[in-house]
file target-v8.csv (CSV, C-alpha atoms and all ligand atoms)
chain,number,residue,atom,x,y,z
A,2,MET,CA,98.2,48.2,121.1
A,3,ARG,CA,97.0,48.5,117.6
A,4,PRO,CA,96.5,52.1,116.3
A,5,SER,CA,92.8,52.8,116.4
A,6,GLY,CA,91.0,54.7,113.8
A,7,ALA,CA,90.1,57.4,116.3
A,8,GLY,CA,93.8,57.8,117.1
A,9,ARG,CA,94.7,58.2,113.5
A,10,ARG,CA,92.0,60.8,113.0
A,11,VAL,CA,93.2,62.8,116.0
A,12,LEU,CA,96.7,62.6,114.7
A,13,SER,CA,95.7,63.8,111.2
A,14,ARG,CA,93.6,66.6,112.7
A,15,ALA,CA,96.7,67.6,114.8
A,16,THR,CA,98.8,67.5,111.6
A,17,SER,CA,96.4,69.6,109.6
A,18,VAL,CA,96.2,72.2,112.5
A,19,ALA,CA,100.0,72.3,112.6
A,20,CYS,CA,100.1,72.7,108.8
A,21,ALA,CA,97.5,75.5,108.9
A,22,ALA,CA,99.6,77.2,111.6
A,23,LEU,CA,102.7,76.9,109.5
A,24,LEU,CA,101.0,78.1,106.4
A,25,GLY,CA,99.8,81.1,108.4
A,26,LEU,CA,103.3,81.8,109.6
A,27,ALA,CA,104.7,81.4,106.0
A,28,MET,CA,102.0,83.8,104.7
A,29,ALA,CA,102.7,86.3,107.4
A,30,SER,CA,106.4,86.3,106.8
A,31,ALA,CA,105.9,86.4,103.0
A,32,CYS,CA,103.8,89.5,103.3
A,33,GLY,CA,106.0,91.0,106.0
A,34,LYS,CA,104.5,92.7,109.0
A,35,PRO,CA,101.0,94.0,108.6
A,36,ARG,CA,101.4,97.6,107.6
A,37,GLU,CA,100.7,100.1,110.4
A,38,LEU,CA,98.4,102.8,109.2
A,39,SER,CA,99.7,106.3,110.0
A,40,ALA,CA,97.5,109.0,111.3
A,41,ALA,CA,97.6,110.6,107.8
A,42,ASP,CA,96.5,107.3,106.2
A,43,ARG,CA,93.6,107.0,108.6
A,44,GLY,CA,92.7,110.6,108.0
A,45,ALA,CA,92.7,110.0,104.2
A,46,VAL,CA,90.1,107.3,104.6
A,47,ILE,CA,88.0,109.6,106.9
A,48,TYR,CA,88.3,112.4,104.4
A,49,ARG,CA,87.3,110.2,101.4
A,50,THR,CA,84.4,108.8,103.1
A,51,ASN,CA,83.0,111.9,104.7
A,52,CYS,CA,84.2,115.1,103.0
A,53,ILE,CA,84.6,114.6,99.2
A,54,SER,CA,80.9,114.7,98.4
A,55,CYS,CA,81.4,118.5,98.9
A,56,HIS,CA,85.2,119.1,99.1
A,57,ASN,CA,87.6,118.2,96.4
A,58,ALA,CA,89.3,114.8,96.5
A,59,ASP,CA,92.5,116.9,96.4
A,60,PRO,CA,92.0,119.1,99.5
A,61,ASN,CA,94.2,121.8,97.9
A,62,LEU,CA,91.5,122.6,95.4
A,63,PRO,CA,87.9,123.8,95.8
A,64,GLY,CA,85.3,121.1,95.6
A,65,PRO,CA,81.9,121.0,94.0
A,66,ILE,CA,80.4,122.7,97.1
A,67,GLY,CA,83.1,123.2,99.7
A,68,PRO,CA,86.3,125.3,99.6
A,69,ALA,CA,89.9,124.1,99.6
A,70,ILE,CA,90.8,123.0,103.1
A,71,ALA,CA,94.3,121.4,102.8
A,72,ASP,CA,95.8,123.9,105.2
A,73,ALA,CA,93.0,123.7,107.8
A,74,PRO,CA,94.6,123.6,111.3
A,75,ARG,CA,93.5,121.2,114.0
A,76,ALA,CA,91.5,123.9,115.9
A,77,LEU,CA,89.5,124.9,112.8
A,78,LEU,CA,88.7,121.2,112.0
A,79,ASP,CA,87.6,120.6,115.5
A,80,ALA,CA,85.3,123.6,115.6
A,81,ARG,CA,83.9,123.2,112.0
A,82,VAL,CA,83.6,119.4,111.8
A,83,LEU,CA,82.5,118.6,115.3
A,84,HIS,CA,80.5,121.7,116.3
A,85,GLY,CA,79.7,123.5,113.1
A,86,THR,CA,81.4,126.6,114.4
A,87,TYR,CA,84.7,128.4,113.9
A,88,PRO,CA,87.5,129.1,116.3
A,89,PRO,CA,87.3,132.5,118.0
A,90,GLY,CA,88.6,135.3,115.8
A,91,TYR,CA,88.7,133.1,112.7
A,92,THR,CA,87.5,134.6,109.4
A,93,PRO,CA,85.8,131.8,107.5
A,94,LEU,CA,86.6,131.3,103.8
A,95,ARG,CA,82.9,131.5,103.1
A,96,LYS,CA,80.0,133.2,104.8
A,97,THR,CA,77.5,130.4,104.0
A,98,HIS,CA,76.4,127.7,106.4
A,99,THR,CA,76.0,124.8,104.1
A,100,MET,CA,78.1,122.3,106.0
A,101,ARG,CA,76.5,120.6,109.0
A,102,ALA,CA,78.5,119.4,111.9
A,103,LEU,CA,79.6,115.8,111.7
A,104,PRO,CA,79.8,115.0,115.4
A,105,TRP,CA,80.3,111.3,114.9
A,106,LEU,CA,83.8,112.1,113.7
A,107,ASP,CA,84.8,112.9,117.3
A,108,GLY,CA,88.1,111.0,117.8
A,109,HIS,CA,89.1,111.3,114.1
A,110,VAL,CA,90.0,115.0,114.0
A,111,ASP,CA,93.7,114.4,114.7
A,112,ASP,CA,93.8,112.0,111.8
A,113,LEU,CA,92.0,114.4,109.5
A,114,ALA,CA,94.4,117.2,110.5
A,115,ALA,CA,97.4,114.9,109.9
A,116,TYR,CA,96.1,114.0,106.5
A,117,LEU,CA,95.3,117.5,105.4
A,118,ALA,CA,98.7,118.8,106.6
A,119,SER,CA,100.5,115.9,104.8
A,120,VAL,CA,98.9,116.8,101.4
A,121,ASN,CA,99.0,120.6,101.9
A,122,THR,CA,100.8,122.3,99.0
A,123,HIS,CA,100.0,125.8,100.3
A,124,HIS,CA,101.9,127.7,102.8
A,125,PRO,CA,99.9,127.4,106.1
A,126,GLY,CA,97.9,130.5,106.8
A,127,THR,CA,97.9,131.7,103.2
A,201,LIG,C1,77.5,118.9,102.7
A,201,LIG,C2,78.7,119.3,102.1
A,201,LIG,C3,80.0,119.2,103.0
A,201,LIG,C4,80.5,118.2,103.6
A,201,LIG,C5,80.0,116.7,103.7
A,201,LIG,C6,81.7,118.6,104.3
A,201,LIG,N1,81.9,120.0,104.1
A,201,LIG,FE1,83.3,121.2,104.9
A,201,LIG,N2,82.4,122.8,104.1
A,201,LIG,C7,81.3,122.8,103.2
A,201,LIG,C8,81.0,124.1,102.8
A,201,LIG,C9,79.9,124.5,101.8
A,201,LIG,C10,81.9,125.0,103.5
A,201,LIG,C11,81.9,126.5,103.5
A,201,LIG,C12,81.1,127.1,104.7
A,201,LIG,C13,79.7,126.6,104.7
A,201,LIG,O1,78.9,126.9,103.8
A,201,LIG,O2,79.3,125.8,105.6
A,201,LIG,C14,82.7,124.1,104.3
A,201,LIG,C15,83.7,124.6,105.1
A,201,LIG,C16,84.7,123.8,105.7
A,201,LIG,C17,85.8,124.2,106.5
A,201,LIG,C18,86.1,125.7,106.9
A,201,LIG,C19,87.0,126.3,105.8
A,201,LIG,C20,87.4,127.7,106.2
A,201,LIG,O3,88.6,127.9,106.4
A,201,LIG,O4,86.6,128.6,106.3
A,201,LIG,C21,86.5,123.1,106.9
A,201,LIG,C22,87.7,123.1,107.8
A,201,LIG,C23,85.8,122.0,106.4
A,201,LIG,N3,84.7,122.4,105.7
A,201,LIG,C24,86.2,120.7,106.6
A,201,LIG,C25,85.4,119.6,106.3
A,201,LIG,C26,85.8,118.2,106.5
A,201,LIG,C27,87.1,117.8,107.2
A,201,LIG,C28,84.8,117.4,106.1
A,201,LIG,C29,84.7,116.0,106.3
A,201,LIG,C30,84.9,115.4,107.6
A,201,LIG,C31,83.8,118.3,105.6
A,201,LIG,N4,84.2,119.6,105.6
A,201,LIG,C32,82.6,117.8,105.0
A,201,LIG,C33,80.7,121.7,102.7
A,201,LIG,C34,80.8,120.4,103.3

call {"tool": "encode", "arguments": {"input": "target-v8.csv", "output": "structure tokens"}}
result
Amino acid sequence: MRPSGAGRRVLSRATSVACAALLGLAMASACGKPRELSAADRGAVIYRTNCISCHNADPNLPGPIGPAIADAPRALLDARVLHGTYPPGYTPLRKTHTMRALPWLDGHVDDLAAYLASVNTHHPGT
């Protein structure tokens, strides 16, 4: 049986698919495993995209509008970010109510807390 044109095309397509797969493998191994983002990494992205219009890019410092919040514990973030409130008994840094609740961040507060704790240079609670 003489090799038909169609047969050759199929073969060459199969070869190029195999090459693409190999190339993909080579690239994957060259770059190592895709880096897993930690909770703090994800929190940093959330912070930069949602908070630094008011808070400082360095959460240890006061921002243009909002106070330093590097040591904000999980319960405070939950209350303030999701509900616009404070945990029972908490004395707010400021008496103003400029910051609105950001309820769409539900599910990201753990990451935010991990990020803020990771960059905190203060002693918690001071
Ligand atoms: C529109 C500006 C604005 C944005 C955006 C904003 N904040 Fe605030 N934030 C403030 C201001 C101003 C205060 C001080 C209280 C007030 O006036 O609401 C505050 C207070 C806080 C407090 C309470 C601090 C304390 O101990 O009393 C926390 C925690 C906080 N912000 C976290 C965040 C986080 C996390 C984000 C992003 C997800 C964020 N804020 C986004 C302006 C903002």

call {"tool": "atom_distance", "arguments": {"input": "target-v8.csv", "atom1": "CA of Lys96 (chain A)", "atom2": "CA of Val82 (chain A)"}}
result
15.9 Å

call {"tool": "atom_distance", "arguments": {"input": "target-v8.csv", "atom1": "CA of Glu37 (chain A)", "atom2": "atom C34 of ligand LIG 201 (chain A)"}}
result
29.3 Å

call {"tool": "closest_atom_pairs", "arguments": {"input": "target-v8.csv", "of": "chain A", "to": "ligand LIG 201 (chain A)", "cutoff": "6 Å", "atoms": "only C-alpha atoms and all ligand atoms", "output": "JSON lines"}}
result
{"residue": "A:Tyr48", "atom": "CA", "partner": "A:LIG201", "partner_atom": "C29", "distance": 5.4}
{"residue": "A:Asn51", "atom": "CA", "partner": "A:LIG201", "partner_atom": "C29", "distance": 4.7}
{"residue": "A:Cys52", "atom": "CA", "partner": "A:LIG201", "partner_atom": "C29", "distance": 3.5}
{"residue": "A:Ser54", "atom": "CA", "partner": "A:LIG201", "partner_atom": "C5", "distance": 5.7}
{"residue": "A:Cys55", "atom": "CA", "partner": "A:LIG201", "partner_atom": "C2", "distance": 4.3}
{"residue": "A:Ile66", "atom": "CA", "partner": "A:LIG201", "partner_atom": "C9", "distance": 5.1}
{"residue": "A:Gly67", "atom": "CA", "partner": "A:LIG201", "partner_atom": "C8", "distance": 3.9}
{"residue": "A:Pro68", "atom": "CA", "partner": "A:LIG201", "partner_atom": "C10", "distance": 5.9}
{"residue": "A:Ile70", "atom": "CA", "partner": "A:LIG201", "partner_atom": "C22", "distance": 5.6}
{"residue": "A:Ala73", "atom": "CA", "partner": "A:LIG201", "partner_atom": "C22", "distance": 5.3}
{"residue": "A:Leu77", "atom": "CA", "partner": "A:LIG201", "partner_atom": "C22", "distance": 5.6}
{"residue": "A:Leu78", "atom": "CA", "partner": "A:LIG201", "partner_atom": "C22", "distance": 4.7}
{"residue": "A:Arg81", "atom": "CA", "partner": "A:LIG201", "partner_atom": "C22", "distance": 5.7}
{"residue": "A:Val82", "atom": "CA", "partner": "A:LIG201", "partner_atom": "C25", "distance": 5.8}
{"residue": "A:Pro93", "atom": "CA", "partner": "A:LIG201", "partner_atom": "O4", "distance": 3.5}
{"residue": "A:Leu94", "atom": "CA", "partner": "A:LIG201", "partner_atom": "O4", "distance": 3.7}
{"residue": "A:Arg95", "atom": "CA", "partner": "A:LIG201", "partner_atom": "C12", "distance": 5.0}
{"residue": "A:Thr97", "atom": "CA", "partner": "A:LIG201", "partner_atom": "O1", "distance": 3.8}
{"residue": "A:His98", "atom": "CA", "partner": "A:LIG201", "partner_atom": "O2", "distance": 3.6}
{"residue": "A:Thr99", "atom": "CA", "partner": "A:LIG201", "partner_atom": "O1", "distance": 3.6}
{"residue": "A:Met100", "atom": "CA", "partner": "A:LIG201", "partner_atom": "O2", "distance": 3.7}

call {"tool": "closest_residue", "arguments": {"input": "target-v8.csv", "among": "A:Ala40, A:Leu62, A:His56, A:Gly33", "to": "His123 (chain A)", "atoms": "all atoms listed in the file"}}
result
A:Leu62

call {"tool": "closest_residue", "arguments": {"input": "target-v8.csv", "among": "A:Tyr91, A:Leu106, A:Thr122, A:Leu113", "to": "Asp42 (chain A)", "atoms": "only C-alpha atoms"}}
result
A:Leu113

call {"tool": "closest_residue", "arguments": {"input": "target-v8.csv", "among": "A:Val110, A:Leu103, A:Val120, A:Ala115", "to": "Ala76 (chain A)", "atoms": "only C-alpha atoms"}}
result
A:Val110

call {"tool": "axis_aligned_box", "arguments": {"input": "target-v8.csv", "around": "region 108-120 of chain A", "padding_each_side": "5 Å", "output": "lines of an AutoDock Vina configuration file"}}
result
center_x = 94.3
center_y = 114.9
center_z = 109.6
size_x = 22.4
size_y = 17.8
size_z = 26.4

call {"tool": "atom_distance", "arguments": {"input": "target-v8.csv", "atom1": "CA of Ser119 (chain A)", "atom2": "CA of Asp72 (chain A)"}}
result
9.3 Å

call {"tool": "closest_residue", "arguments": {"input": "target-v8.csv", "among": "A:Val46, A:Asp79, A:Trp105, A:Ala114", "to": "Ala58 (chain A)", "atoms": "all atoms listed in the file"}}
result
A:Val46

call {"tool": "closest_residue", "arguments": {"input": "target-v8.csv", "among": "A:Ala69, A:Ile47, A:Ile53, A:Leu38", "to": "Gly108 (chain A)", "atoms": "only C-alpha atoms"}}
result
A:Ile47
